[in-house]
Amino acid sequence: MERNFGKVKAVKQAGEIIIDFLSQIENFQKKLWLKKKFVTSCGWCITLDRIPPAFYEEIRANKAQMQEWIDLYAIDEAVHGEELELAEKWTNPPGVAFLKANQNLVVDTKHFSQAFKEKLIAGIDDLDERTNGALIHSENFQALNLLRNKYAGKIDCIYIDPPYNTDASKIAYKNNYEHSSWLSLMNDRIILGKSFLKETGLQSTAIDEYELKELLAVLQDIFSKNLTAGIIAVRSNPSGRPRDGGLALSHEYIIVNKNTVNSKITKFGHSDAQLERYDKKDENGFYEQRNFRREGSNSDRRDGIRQWYPIYVDRNTLRIRIPDMIWNTNTGLWIINDPHIKNEEVIYPINDDGKEKNWRWSWENVKKDYTQFYAKRQKNGIQIYYKFRPNDEGVTPLTFWDDAKYSAVEHGTKLLKELFSNNIFPYPKSVYAVSDILSITGLKDNSATLLDYFAGSGGAGHAVINLNREDGGDRKYILVEMGEYFNTVTKPRIQKVIYAKDWKNGKPESRHSGVSHIVKYFRLESYEDTLANISLSAEAHDYAKNLQFDDYLVNYMLDVEASGSLLNLERFKTPFDYTLKITEKNETKEKIIDLVETFNYLLGLAVKKFRTAPGFKSVEGFLPDGKKAVVIWRGVTGETDKDEADLEKHLDGLRKEIDFSAVNEVYINGETAIANKKTERESFEVFMIESVFNQRMFDE
């Protein structure tokens, strides 16, 4: 018996060690997953009208940029002459005059030096405010995790078109999960995304019938059941998609959720066909003539007994009036205290069949404004009409959308083919369906912001640009996509629709329909990149050899030995040379990453102005709580006096452009005593970037 107990005890001890080992690995994996990811690269696409002419010589001389204009816009095929499409003739390279005449051409900073990019961006005041869109190449959970500090509670509308978890389309996400795994993927991202919505914000989620029930349950759990605004059935495939042994599928769904009770669905504007009905006009605008007698449901006298009353009409002038009346609650009738006179005819709401109906409005409302009512002689006697005017708020959206413009074949797949001259992306949504769902869920406001973290081919961004093109609005968009087609479809699509509205065979049909635009695009370190950069410290490993096996294994190895490879604060002394191993197109390279941009997002900084000086990069902006902040990055030599003198000199230069008496917080890398050298008017706090960066990077 004792021998058996000994075996049980040994197995238990071994099991506890294994459990501790697995627990540490799982916790470390969780730490790696939740760690905020570095911005590995950042670029800008900017239309020429936003770029000072001083840059034009360098732009026109850039062969890669010229080739991109040829590839994207077929600019070398543009015609000119008496019937001007372009005011200047294209040459390669083009003249400065050509650039000035074609201000909707998009310049991509990826073709230029870092110095060019920084100088260009430094020339833009209110940088974030003037930036129209952001494209993030990243796994969406990682992107949302990094963006949250900046955008929490600031998004008007979320639209997502996630993978449908069917075999109908093959995309970058695994597309045949079990229900539970797929729902777990969706649940985590929807919870995180919800924190981005304003109190009045709404989310719309596209899905088909395969996961409708399950996804609806998740959404109702996160947003609560009573905040489901509705489910729209969209006839997206009029010819139907055949299914083995089943009916051909011709529709998809959009689930609309409200963030709070204060979230409101916006009404559609009136269509041209609807407005054609309003064929009459007076000093107050257009109206449709309608009989004042109610018809249809609830139109019988018993359905509205208080709206059974007489209207007096002068037989000669057809002038109408309401007599003085008192309601008798016992009889349910109006007592008429003002009998009609000799020339007046008494009109009740009785139809041609002699059935007693009721009037559409109460007599009190009629008396308020007689000008909205009038009498006309008809074959069957005098009839009372009222002026029915279009509702300024528009038409309440229905739950079934079957307009031909919602066809994903015609206005999704075909549209994308016209943009790129070939079919390069499966099952894109109709841009009109996306545009309409955005309009009713917040983007009718022409200064609203959209978030789409399953961006796909970029259809939501396309829709936002079109909405701005129509009304001159300043709507903004944030698109997140992880697929490699980000660089071949998503981003180029945005570059194309900025330049022109309509396309055919990959070429613009008009070169004068572009929009003024700034788009920021960046890539984030992936989870796989994080794994690839883990290395164990040899010095720490030697120390760890003295620890007991279980202490070493559970409490030391991964957390301590690998920590420097997750975030090496020592390398912040030369922040502009910080590198990581990054894999792109199946090739891993040591690459300089963007600490400045990464820290901006960790802080949640709304950037007002970016500045550069030899050895320094500075960012001025506002923190989420409204405090004004300045972030100063510098190279630190280790020579304390020199570093401090250089910093003080740089700060004096910044004081000429920034009122530091209004600055609340200053962030600087490396140790400094600059806080002791504030002027009498300054009261800002100084924070060391390294400590804040470390805390924010691993803050869950």
# chains A, B, ... in the order shown; residues from 1 in each chain; ligands from 1
>>> select_by_dssp(residues="stretch 383-542 of chain A", states="strand (DSSP E or B)", output="number ranges by chain")
A: 383-388, 395, 400-401, 449-452, 476-481, 503-504, 507-508, 518-524
>>> closest_atom_pairs(of="stretch 557-649 of chain A", to="stretch 696-700 of chain A", cutoff="12 Å", atoms="only C-alpha atoms", output="CSV")
residue,atom,partner,partner_atom,distance
A:Ser563,CA,A:Phe698,CA,11.2
A:Leu566,CA,A:Met697,CA,9.7
A:Leu567,CA,A:Met697,CA,8.6
A:Asn568,CA,A:Met697,CA,11.8
A:Leu569,CA,A:Met697,CA,11.7
A:Leu595,CA,A:Met697,CA,11.7
A:Thr598,CA,A:Met697,CA,9.4
A:Phe599,CA,A:Arg696,CA,8.8
A:Asn600,CA,A:Arg696,CA,11.0
A:Tyr601,CA,A:Arg696,CA,9.7
A:Leu602,CA,A:Arg696,CA,6.0
A:Leu603,CA,A:Arg696,CA,7.7
A:Gly604,CA,A:Arg696,CA,10.3
>>> residues_around(residues="A:Lys414", least_positions_apart="5", cutoff="10 Å", atoms="only C-alpha atoms", output="list in words")
Ser407, Ala408, Val409, Leu419, Phe420, Ser421, Asn422, Asn423, Pro428, Ser430 and Lys504 of chain A
>>> write_last_selection(atoms="N, CA, C and O atoms", output="PDB file, in the first residue's frame")
ATOM      1  N   SER A 407     -27.126  44.595 -55.824  1.00  0.00           N
ATOM      2  CA  SER A 407     -26.549  43.361 -56.367  1.00  0.00           C
ATOM      3  C   SER A 407     -25.032  43.375 -56.206  1.00  0.00           C
ATOM      4  O   SER A 407     -24.340  44.237 -56.752  1.00  0.00           O
ATOM      5  N   ALA A 408     -24.518  42.399 -55.476  1.00  0.00           N
ATOM      6  CA  ALA A 408     -23.065  42.307 -55.274  1.00  0.00           C
ATOM      7  C   ALA A 408     -22.355  41.915 -56.559  1.00  0.00           C
ATOM      8  O   ALA A 408     -21.175  42.221 -56.735  1.00  0.00           O
ATOM      9  N   VAL A 409     -23.081  41.265 -57.466  1.00  0.00           N
ATOM     10  CA  VAL A 409     -22.478  40.882 -58.743  1.00  0.00           C
ATOM     11  C   VAL A 409     -22.212  42.122 -59.583  1.00  0.00           C
ATOM     12  O   VAL A 409     -21.096  42.335 -60.080  1.00  0.00           O
ATOM     13  N   LEU A 419     -12.472  48.559 -61.781  1.00  0.00           N
ATOM     14  CA  LEU A 419     -11.388  49.315 -61.132  1.00  0.00           C
ATOM     15  C   LEU A 419     -10.023  48.754 -61.491  1.00  0.00           C
ATOM     16  O   LEU A 419      -9.065  49.511 -61.708  1.00  0.00           O
ATOM     17  N   PHE A 420      -9.917  47.428 -61.537  1.00  0.00           N
ATOM     18  CA  PHE A 420      -8.609  46.793 -61.691  1.00  0.00           C
ATOM     19  C   PHE A 420      -8.442  46.025 -63.004  1.00  0.00           C
ATOM     20  O   PHE A 420      -7.386  45.440 -63.230  1.00  0.00           O
ATOM     21  N   SER A 421      -9.486  45.990 -63.819  1.00  0.00           N
ATOM     22  CA  SER A 421      -9.483  45.316 -65.120  1.00  0.00           C
ATOM     23  C   SER A 421      -9.436  43.795 -65.013  1.00  0.00           C
ATOM     24  O   SER A 421      -9.368  43.103 -66.015  1.00  0.00           O
ATOM     25  N   ASN A 422      -9.469  43.254 -63.814  1.00  0.00           N
ATOM     26  CA  ASN A 422      -9.572  41.802 -63.639  1.00  0.00           C
ATOM     27  C   ASN A 422     -10.235  41.508 -62.302  1.00  0.00           C
ATOM     28  O   ASN A 422     -10.338  42.376 -61.439  1.00  0.00           O
ATOM     29  N   ASN A 423     -10.709  40.294 -62.157  1.00  0.00           N
ATOM     30  CA  ASN A 423     -11.408  39.905 -60.932  1.00  0.00           C
ATOM     31  C   ASN A 423     -10.389  39.415 -59.915  1.00  0.00           C
ATOM     32  O   ASN A 423      -9.891  38.298 -60.024  1.00  0.00           O
ATOM     33  N   PRO A 428     -17.033  40.788 -53.148  1.00  0.00           N
ATOM     34  CA  PRO A 428     -17.137  42.107 -52.514  1.00  0.00           C
ATOM     35  C   PRO A 428     -18.596  42.570 -52.487  1.00  0.00           C
ATOM     36  O   PRO A 428     -19.379  42.237 -53.380  1.00  0.00           O
ATOM     37  N   SER A 430     -21.835  45.155 -52.734  1.00  0.00           N
ATOM     38  CA  SER A 430     -22.214  46.316 -53.541  1.00  0.00           C
ATOM     39  C   SER A 430     -21.841  47.576 -52.782  1.00  0.00           C
ATOM     40  O   SER A 430     -22.183  47.737 -51.598  1.00  0.00           O
ATOM     41  N   LYS A 504     -13.506  52.055 -65.841  1.00  0.00           N
ATOM     42  CA  LYS A 504     -13.843  51.006 -66.782  1.00  0.00           C
ATOM     43  C   LYS A 504     -12.555  50.379 -67.301  1.00  0.00           C
ATOM     44  O   LYS A 504     -11.639  51.078 -67.719  1.00  0.00           O
TER      45      LYS A 504
END
>>> residues_around(residues="A:Ile465", least_positions_apart="6", cutoff="10 Å", atoms="only C-alpha atoms", output="list in words")
Asn132, Gly133, Ser435, Gly459, Gly472, Gly473, Asp474, Arg475, Lys476, Tyr477, Ile494, Val497, Ile498, Lys501, Gly514, Val515 and His517 of chain A
>>> residues_around(residues="A:Glu528", least_positions_apart="6", cutoff="10 Å", atoms="only C-alpha atoms", output="VMD selection string")
chain A and resid 32 to 33 582 to 583
>>> closest_residue(among="A:Ser23, A:Ser250, A:Ser204, A:Asn259", to="A:Phe223", atoms="only C-alpha atoms")
A:Asn259
>>> atom_distance(atom1="atom CA of A:Gly626", atom2="atom CA of A:Asp125")
18.1 Å
